[in-house]
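Participant: Below is data_30.tsv; it holds TSV, C-alpha atoms.
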```tsv
chain	number	residue	atom	x	y	z
A	1	MET	CA	-28.66	-7.93	6.86
A	2	SER	CA	-27.50	-11.49	6.06
A	3	ASN	CA	-25.81	-13.35	3.20
A	4	GLU	CA	-27.00	-16.38	1.20
A	5	HIS	CA	-25.88	-18.73	3.98
A	6	GLY	CA	-27.94	-16.84	6.55
A	7	GLU	CA	-24.83	-15.32	8.12
A	8	GLN	CA	-25.20	-11.92	9.70
A	9	VAL	CA	-23.54	-9.15	7.65
A	10	THR	CA	-22.52	-6.00	9.52
A	11	PHE	CA	-21.71	-3.96	6.44
A	12	GLN	CA	-21.12	-4.39	2.73
A	13	GLU	CA	-20.06	-2.19	-0.10
A	14	THR	CA	-19.25	-2.84	-3.77
A	15	ARG	CA	-17.06	-0.49	-5.80
A	16	GLN	CA	-16.24	-0.44	-9.49
A	17	VAL	CA	-12.70	-0.16	-10.91
A	18	GLU	CA	-12.35	0.94	-14.53
A	19	GLN	CA	-9.70	-0.40	-16.89
A	20	GLY	CA	-6.55	1.74	-16.94
A	21	ASP	CA	-7.80	3.91	-14.10
A	22	PHE	CA	-4.33	4.01	-12.65
A	23	ALA	CA	-4.14	7.62	-11.51
A	24	THR	CA	-7.03	7.25	-9.08
A	25	ALA	CA	-6.31	3.63	-8.09
A	26	GLY	CA	-5.97	3.45	-4.32
A	27	GLN	CA	-9.02	5.59	-3.58
A	28	ILE	CA	-11.20	2.54	-2.95
A	29	ALA	CA	-8.58	1.02	-0.63
A	30	ALA	CA	-8.40	4.35	1.23
A	31	SER	CA	-12.19	4.48	1.50
A	32	PHE	CA	-12.41	0.85	2.74
A	33	LYS	CA	-9.75	1.77	5.30
A	34	ASN	CA	-11.86	4.70	6.57
A	35	THR	CA	-14.96	2.52	6.75
A	36	LEU	CA	-13.15	-0.13	8.83
A	37	LYS	CA	-11.73	2.56	11.10
A	38	LYS	CA	-15.20	4.00	11.71
A	39	LEU	CA	-16.48	0.51	12.55
A	40	GLY	CA	-13.77	0.21	15.18
A	41	VAL	CA	-11.71	-2.58	13.61
A	42	ALA	CA	-8.21	-2.89	15.13
A	43	SER	CA	-5.46	-0.98	13.28
A	44	PRO	CA	-3.15	-3.93	12.46
A	45	VAL	CA	-6.06	-5.77	10.78
A	46	ILE	CA	-7.12	-2.60	8.96
A	47	ARG	CA	-3.60	-2.17	7.59
A	48	ARG	CA	-3.55	-5.73	6.24
A	49	ILE	CA	-6.96	-5.25	4.58
A	50	ALA	CA	-5.89	-1.85	3.21
A	51	ILE	CA	-2.67	-3.28	1.71
A	52	ALA	CA	-4.54	-6.17	0.08
A	53	SER	CA	-7.23	-3.78	-1.24
A	54	TYR	CA	-4.64	-1.37	-2.62
A	55	GLU	CA	-2.72	-4.13	-4.41
A	56	ALA	CA	-5.96	-5.59	-5.79
A	57	GLU	CA	-7.14	-2.20	-6.98
A	58	ILE	CA	-3.82	-1.51	-8.72
A	59	ASN	CA	-3.98	-4.95	-10.36
A	60	LEU	CA	-7.50	-4.32	-11.66
A	61	ALA	CA	-6.44	-0.96	-13.11
A	62	ILE	CA	-3.29	-2.42	-14.70
A	63	HIS	CA	-4.34	-5.83	-15.94
A	64	SER	CA	-8.12	-6.12	-16.18
A	65	TRP	CA	-10.78	-4.69	-18.47
A	66	GLY	CA	-12.65	-3.52	-15.40
A	67	GLY	CA	-13.90	-5.14	-12.25
A	68	THR	CA	-15.40	-4.85	-8.81
A	69	MET	CA	-14.14	-4.83	-5.26
A	70	ARG	CA	-16.55	-5.90	-2.57
A	71	LEU	CA	-16.00	-5.45	1.13
A	72	ILE	CA	-18.20	-7.60	3.36
A	73	ILE	CA	-17.92	-7.31	7.11
A	74	TYR	CA	-19.16	-10.18	9.27
A	75	PRO	CA	-19.06	-10.21	13.06
A	76	ASP	CA	-15.99	-12.50	13.04
A	77	ARG	CA	-14.19	-11.62	9.78
A	78	VAL	CA	-13.88	-9.28	6.83
A	79	ARG	CA	-14.17	-10.66	3.32
A	80	LEU	CA	-12.72	-8.90	0.30
A	81	LEU	CA	-13.97	-10.14	-3.07
A	82	VAL	CA	-12.18	-8.96	-6.20
A	83	ASP	CA	-13.75	-9.91	-9.52
A	84	ASP	CA	-12.68	-8.77	-12.94
A	85	VAL	CA	-13.43	-9.22	-16.57
A	86	GLY	CA	-10.10	-9.54	-18.31
A	87	PRO	CA	-7.41	-11.65	-19.93
A	88	GLY	CA	-7.14	-13.99	-16.93
A	89	ILE	CA	-3.86	-15.27	-15.48
A	90	GLU	CA	-2.05	-17.86	-17.57
A	91	ASN	CA	0.04	-19.33	-14.79
A	92	ILE	CA	-1.20	-18.63	-11.26
A	93	ASP	CA	1.86	-20.26	-9.60
A	94	LEU	CA	4.10	-17.86	-11.52
A	95	ALA	CA	1.89	-14.88	-10.65
A	96	MET	CA	2.17	-15.82	-6.96
A	97	GLN	CA	5.97	-15.91	-7.20
A	98	GLU	CA	7.67	-12.88	-5.64
A	99	GLY	CA	9.24	-10.70	-8.32
A	100	TYR	CA	7.28	-12.06	-11.27
A	101	SER	CA	5.47	-9.31	-13.15
A	102	THR	CA	3.93	-8.73	-16.55
A	103	ALA	CA	3.37	-5.01	-15.90
A	104	SER	CA	4.39	-2.47	-18.53
A	105	GLU	CA	7.28	-0.04	-18.27
A	106	GLU	CA	4.71	2.77	-17.82
A	107	VAL	CA	3.28	1.04	-14.74
A	108	ARG	CA	6.79	0.47	-13.33
A	109	MET	CA	7.53	4.17	-13.76
A	110	LEU	CA	4.62	4.78	-11.40
A	111	GLY	CA	6.11	2.52	-8.73
A	112	PHE	CA	4.21	-0.71	-9.34
A	113	GLY	CA	4.93	-3.91	-11.22
A	114	ALA	CA	7.53	-5.11	-8.70
A	115	GLY	CA	5.95	-8.54	-8.84
A	116	MET	CA	4.90	-8.32	-5.20
A	117	GLY	CA	1.19	-7.55	-5.58
A	118	MET	CA	-0.25	-11.05	-5.41
A	119	PRO	CA	2.24	-12.34	-2.79
A	120	ASN	CA	1.46	-9.26	-0.67
A	121	MET	CA	-2.29	-9.96	-0.88
A	122	LYS	CA	-1.79	-13.59	0.12
A	123	ARG	CA	0.55	-12.65	2.98
A	124	CYS	CA	-1.95	-10.13	4.38
A	125	ALA	CA	-5.00	-12.40	4.25
A	126	ASP	CA	-5.85	-15.21	6.67
A	127	ALA	CA	-7.45	-17.12	3.79
A	128	PHE	CA	-6.77	-16.53	0.09
A	129	LYS	CA	-8.46	-18.12	-2.91
A	130	ILE	CA	-7.90	-17.32	-6.56
A	131	GLU	CA	-9.60	-18.58	-9.69
A	132	SER	CA	-8.83	-17.45	-13.20
A	133	VAL	CA	-10.15	-18.33	-16.64
A	134	LEU	CA	-8.13	-17.24	-19.67
A	135	GLY	CA	-9.98	-14.70	-21.77
A	136	LYS	CA	-12.72	-14.31	-19.13
A	137	GLY	CA	-11.31	-12.96	-15.91
A	138	THR	CA	-10.04	-13.52	-12.42
A	139	SER	CA	-11.73	-13.80	-9.02
A	140	ILE	CA	-9.95	-13.46	-5.72
A	141	SER	CA	-11.49	-14.04	-2.31
A	142	MET	CA	-9.66	-12.99	0.83
A	143	ASP	CA	-10.71	-13.39	4.46
A	144	PHE	CA	-9.32	-11.46	7.38
A	145	ASN	CA	-10.16	-12.72	10.86
A	146	LEU	CA	-11.35	-10.17	13.38
B	147	MET	CA	15.18	9.06	15.52
B	148	GLU	CA	13.19	12.28	15.58
B	149	LEU	CA	11.91	13.33	12.17
B	150	GLY	CA	13.38	16.80	12.73
B	151	ARG	CA	16.81	15.24	13.23
B	152	MET	CA	16.41	13.37	9.92
B	153	ALA	CA	15.58	16.68	8.26
B	154	GLU	CA	18.76	18.23	9.72
B	155	ILE	CA	20.98	15.35	8.65
B	156	LEU	CA	19.58	15.39	5.11
B	157	GLU	CA	19.45	19.20	4.89
B	158	ALA	CA	15.83	18.62	3.91
B	159	GLU	CA	13.07	21.09	3.21
B	160	VAL	CA	9.91	20.37	5.20
B	161	ILE	CA	7.11	20.80	2.67
B	162	CYS	CA	4.25	19.95	4.99
B	163	GLY	CA	3.60	18.39	8.38
B	164	GLN	CA	5.88	20.54	10.59
B	165	GLU	CA	3.87	19.25	13.55
B	166	ASN	CA	5.35	15.76	13.12
B	167	LEU	CA	8.99	16.88	13.39
B	168	HIS	CA	9.15	15.97	17.09
B	169	LEU	CA	7.94	12.41	16.40
B	170	ASP	CA	10.34	9.61	17.12
B	171	ILE	CA	10.28	7.24	14.14
B	172	PRO	CA	12.47	4.21	14.92
B	173	LEU	CA	12.60	2.58	11.49
B	174	ALA	CA	12.98	3.40	7.81
B	175	VAL	CA	12.12	1.77	4.50
B	176	ALA	CA	13.59	2.96	1.22
B	177	SER	CA	12.30	2.02	-2.22
B	178	ASP	CA	11.02	3.39	-5.50
B	179	MET	CA	8.70	0.38	-5.83
B	180	MET	CA	5.59	0.71	-3.70
B	181	SER	CA	4.80	-3.00	-3.57
B	182	ASP	CA	8.20	-3.55	-1.99
B	183	VAL	CA	7.18	-1.07	0.71
B	184	LEU	CA	3.78	-2.76	1.11
B	185	VAL	CA	5.50	-6.07	1.96
B	186	SER	CA	5.60	-5.05	5.61
B	187	THR	CA	2.66	-3.84	7.72
B	188	GLU	CA	4.86	-1.99	10.23
B	189	CYS	CA	3.65	1.60	10.71
B	190	ASP	CA	6.55	3.06	12.71
B	191	ARG	CA	8.65	3.71	9.62
B	192	VAL	CA	9.67	6.71	7.56
B	193	LEU	CA	9.36	6.12	3.81
B	194	ILE	CA	12.35	7.27	1.76
B	195	SER	CA	11.67	7.30	-1.97
B	196	GLY	CA	12.70	8.71	-5.31
B	197	LEU	CA	9.24	7.89	-6.64
B	198	CYS	CA	7.38	11.16	-6.52
B	199	THR	CA	3.78	10.32	-7.46
B	200	ILE	CA	0.44	10.32	-5.64
B	201	HIS	CA	1.01	6.59	-5.08
B	202	THR	CA	3.92	7.31	-2.74
B	203	VAL	CA	1.60	9.36	-0.51
B	204	LEU	CA	-1.20	6.79	-0.86
B	205	THR	CA	1.19	4.02	0.18
B	206	ALA	CA	2.10	6.04	3.30
B	207	GLN	CA	-1.62	6.58	3.96
B	208	ILE	CA	-2.47	2.89	3.56
B	209	LEU	CA	0.34	1.92	5.96
B	210	ASP	CA	-0.36	4.70	8.54
B	211	LEU	CA	3.15	6.10	8.02
B	212	LYS	CA	3.80	9.58	9.39
B	213	ALA	CA	6.44	10.83	6.97
B	214	VAL	CA	7.80	10.55	3.44
B	215	ILE	CA	11.25	11.81	2.45
B	216	PHE	CA	11.73	12.45	-1.26
B	217	VAL	CA	15.35	12.14	-2.40
B	218	ARG	CA	17.14	13.54	-5.48
B	219	ASN	CA	15.31	16.88	-5.10
B	220	LYS	CA	12.02	15.47	-6.38
B	221	VAL	CA	9.23	18.05	-6.19
B	222	PRO	CA	5.82	16.80	-4.99
B	223	THR	CA	2.70	18.06	-6.75
B	224	ALA	CA	-0.01	20.17	-5.09
B	225	GLU	CA	-2.29	17.10	-5.17
B	226	MET	CA	0.30	15.06	-3.27
B	227	ILE	CA	0.80	17.78	-0.65
B	228	GLU	CA	-2.95	18.12	-0.15
B	229	ALA	CA	-3.37	14.34	0.27
B	230	ALA	CA	-0.47	14.30	2.74
B	231	ARG	CA	-1.96	17.18	4.78
B	232	GLU	CA	-5.37	15.48	4.91
B	233	ASN	CA	-3.75	12.37	6.35
B	234	ASP	CA	-1.25	14.01	8.75
B	235	ILE	CA	1.72	12.84	6.72
B	236	SER	CA	4.84	15.00	6.64
B	237	ILE	CA	6.64	15.48	3.35
B	238	LEU	CA	10.36	16.26	3.34
B	239	ARG	CA	12.52	16.86	0.31
B	240	THR	CA	16.29	16.50	0.08
B	241	GLY	CA	18.93	16.89	-2.61
B	242	PHE	CA	20.68	13.76	-1.30
B	243	THR	CA	20.62	10.68	-3.50
B	244	MET	CA	18.80	7.62	-2.18
B	245	PHE	CA	22.11	5.90	-1.44
B	246	ALA	CA	23.58	8.85	0.43
B	247	ALA	CA	20.34	9.64	2.31
B	248	CYS	CA	20.07	6.05	3.56
B	249	GLY	CA	23.79	5.92	4.35
B	250	GLU	CA	23.74	9.13	6.38
B	251	LEU	CA	20.62	8.15	8.34
B	252	TYR	CA	22.04	4.69	9.04
B	253	LYS	CA	25.35	6.22	10.15
B	254	HIS	CA	23.41	8.34	12.65
B	255	GLY	CA	21.61	5.33	14.08
B	256	LEU	CA	18.38	4.94	12.10
B	257	ARG	CA	17.63	1.33	11.23
B	258	GLY	CA	15.30	-0.62	8.99
B	259	ARG	CA	14.44	-4.21	8.41
B	260	ARG	CA	17.69	-5.97	7.50
B	261	ARG	CA	16.27	-8.91	5.64
B	262	VAL	CA	12.91	-9.30	3.95
B	263	ASP	CA	12.27	-12.59	5.76
B	264	GLU	CA	13.00	-11.05	9.17
B	265	GLN	CA	10.06	-11.01	11.58
```
Please lay out the structure from this file as structure tokens.
Facilitator:
Amino acid sequence: MSNEHGEQVTFQETRQVEQGDFATAGQIAASFKNTLKKLGVASPVIRRIAIASYEAEINLAIHSWGGTMRLIIYPDRVRLLVDDVGPGIENIDLAMQEGYSTASEEVRMLGFGAGMGMPNMKRCADAFKIESVLGKGTSISMDFNL
Amino acid sequence: MELGRMAEILEAEVICGQENLHLDIPLAVASDMMSDVLVSTECDRVLISGLCTIHTVLTAQILDLKAVIFVRNKVPTAEMIEAARENDISILRTGFTMFAACGELYKHGLRGRRRVDEQ
């Protein structure tokens, strides 16, 4: 299996996150974690990927109108692609600031909306790219070196 | 500090994961906000929380934590207990408040990260 650049792909999986699917959010992160464990990836790297996946999954459930999470494993790195259809992020610098959150009171009651989601994703990843278009959606690409 | 010792100090009920009581867990993190817990990737921590939802157990699972202590007598649901059992996570429950639980454990020698920017 290889990607569009001819790079060898060890494994890939795409999962769907529905809008407002907060109660089950985290299941995809847990499943990615199991997959990486089975493939023999080192625990500290798995934990960083799992944290970033969990935060991304929560964000999709809270803020987007639905989206996908794609895990691609290459021989030298793991790529996590998070794409949503949604309102987009008005000010990415603000969203990356620790403590800044637009989450509702309901979401905060469930333990999220601390304004640490995006900074946590960036901190966990070795490379982090984000693009957002207002009224269309947001795409995040994260790489984790193996 | 052994998890069993934490249970004694906090007069806690062990809801599941008796087999982890002998484990020595050197550090603690306490928060009701899961993203604040997810700031650190350290796995040798006990999670102390007043947030009693499936996300507390999931956060422990994601971080490979071995135990969660619920304060203020919060009662975990059957779904949470099942998820904890499946992932070898102990759940303890205490009537102590978050402040008192952390204070007592600290007094007895348990430590956590002092500053968020600490390595």
Participant: Counting all atoms listed in the file, which residues of chain B sit at most 12 Å from some atom of chain A, and what is each one's closest atom pair with its distance in Å to one decimal, listed by chain and rising residue number, as a tab-separated table?
Facilitator:
```
residue	atom	partner	partner_atom	distance
B:Ser177	CA	A:Gly111	CA	9.0
B:Asp178	CA	A:Gly111	CA	5.9
B:Met179	CA	A:Gly111	CA	4.4
B:Met180	CA	A:Gly111	CA	5.4
B:Ser181	CA	A:Met116	CA	5.6
B:Asp182	CA	A:Met116	CA	6.6
B:Val183	CA	A:Met116	CA	9.6
B:Leu184	CA	A:Ile51	CA	6.5
B:Val185	CA	A:Asn120	CA	5.8
B:Ser186	CA	A:Asn120	CA	8.6
B:Thr187	CA	A:Arg47	CA	6.5
B:Glu188	CA	A:Pro44	CA	8.5
B:Cys189	CA	A:Arg47	CA	8.7
B:Asp190	CA	A:Pro44	CA	12.0
B:Ser195	CA	A:Gly111	CA	10.0
B:Gly196	CA	A:Gly111	CA	9.7
B:Leu197	CA	A:Gly111	CA	6.6
B:Cys198	CA	A:Leu110	CA	8.5
B:Thr199	CA	A:Leu110	CA	6.8
B:Ile200	CA	A:Ala23	CA	7.9
B:His201	CA	A:Gly111	CA	7.5
B:Thr202	CA	A:Gly111	CA	8.0
B:Val203	CA	A:Gly26	CA	10.3
B:Leu204	CA	A:Gly26	CA	6.8
B:Thr205	CA	A:Ile51	CA	8.4
B:Ala206	CA	A:Ile51	CA	10.6
B:Gln207	CA	A:Ala30	CA	7.6
B:Ile208	CA	A:Ala50	CA	5.9
B:Leu209	CA	A:Arg47	CA	5.9
B:Asp210	CA	A:Arg47	CA	7.7
B:Leu211	CA	A:Arg47	CA	10.7
B:Glu225	CA	A:Ala23	CA	11.6
B:Met226	CA	A:Ala23	CA	12.0
B:Ala229	CA	A:Gln27	CA	11.1
B:Asn233	CA	A:Ala30	CA	10.6
B:Val262	CA	A:Glu98	CA	11.5
```
Participant: Which residue out of A:Val85, A:Val41, A:Ile72, A:Ala61 has the minimum interatomic distance to A:Thr10 when only C-alpha atoms are used?
Facilitator: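 Among A:Val85, A:Val41, A:Ile72, A:Ala61, it is A:Ile72 that comes nearest to A:Thr10.
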Participant: Which neighbours of A:Tyr74 fall inside 12 Å, counting only C-alpha atoms, when residues of the same chain fewer than 2 positions from it are skipped, and could you give them as a list in words?
Facilitator: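 Answer for this query is Met1, Ser2, Asn3, Gly6, Glu7, Gln8, Val9, Thr10, Phe11, Gln12, Leu36, Leu39, Val41, Leu71, Ile72, Asp76, Arg77, Val78, Arg79, Leu80, Asp143, Phe144, Asn145 and Leu146 of chain A.
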Participant: What's the separation between atom CA of A:Glu18 and atom CA of B:Leu193, in Å to one decimal place?
Facilitator: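 Result for atom CA of A:Glu18 versus atom CA of B:Leu193: 28.9 Å, one decimal.
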Participant: Could you jot down the atom CA of B:Asp234 to atom CA of A:Leu60 separation for me, Å, one decimal place?
Facilitator: 28.1 Å
Participant: How far is it from atom CA of A:Tyr100 to atom CA of B:Asp263, in Å with one decimal?
Facilitator: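 Between these atoms lies a distance of 17.8 Å.
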Participant: Identify the residues around (17.8, 12.2, 11.4) within a radius of 12 Å, measuring from all atoms listed in the file in the coordinates stated by the file, and give them as a ChimeraX atom specification.
Facilitator: /B:147-158,167-174,192,215,238,247-257
Participant: Could you name the residues that touch A:Ile140 at 9 Å or less, counting only C-alpha atoms, but leaving out those on the same chain fewer than 2 positions away, as a list in words?
Facilitator: Ala56, Leu80, Leu81, Val82, Asp83, Phe128, Lys129, Ile130, Glu131, Ser132, Thr138 and Met142 of chain A
Participant: Ranking A:Ile62, A:Gly67, A:Gly40, A:Gln16 by minimum distance to A:Ala103 and counting only C-alpha atoms, which one comes first?
Facilitator: A:Ile62
Participant: Which neighbours of A:Asp84 fall inside 9 Å, counting only C-alpha atoms, when residues of the same chain fewer than 2 positions from it are skipped, and could you give them as a ChimeraX atom specification?
Facilitator: /A:17,60,64-69,82,86,88,136-139
Participant: Step by step, gather every atom of stretch 76-82 of chain A that the file lists, find the box along x, y and z that holds them, add 6 Å on each side, and finally give centre and edge lengths in Å to one decimal, as AutoDock Vina command-line options.
Facilitator:
```
--center_x -14.1 --center_y -10.7 --center_z 3.4 --size_x 15.8 --size_y 15.6 --size_z 31.2
```
Participant: Nearest to A:Glu90 among A:Glu57, A:Ala42, A:Thr102, A:Asp126, with distances taken over all atoms listed in the file: which residue is it?
Facilitator: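 The shortest atom-to-atom distance to A:Glu90 comes from A:Thr102.
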Participant: In terms of the shortest atom-to-atom distance over all atoms listed in the file, which of A:Asn91, A:Thr14, A:Asn59, A:Gln97 is closest to A:Phe32?
Facilitator: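 The answer is A:Thr14, which sits nearest to A:Phe32.
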Participant: From the list B:Ile194, B:Ala246, B:Ala176, B:Val160, which residue is nearest B:Val214 when using all atoms listed in the file?
Facilitator: B:Ile194
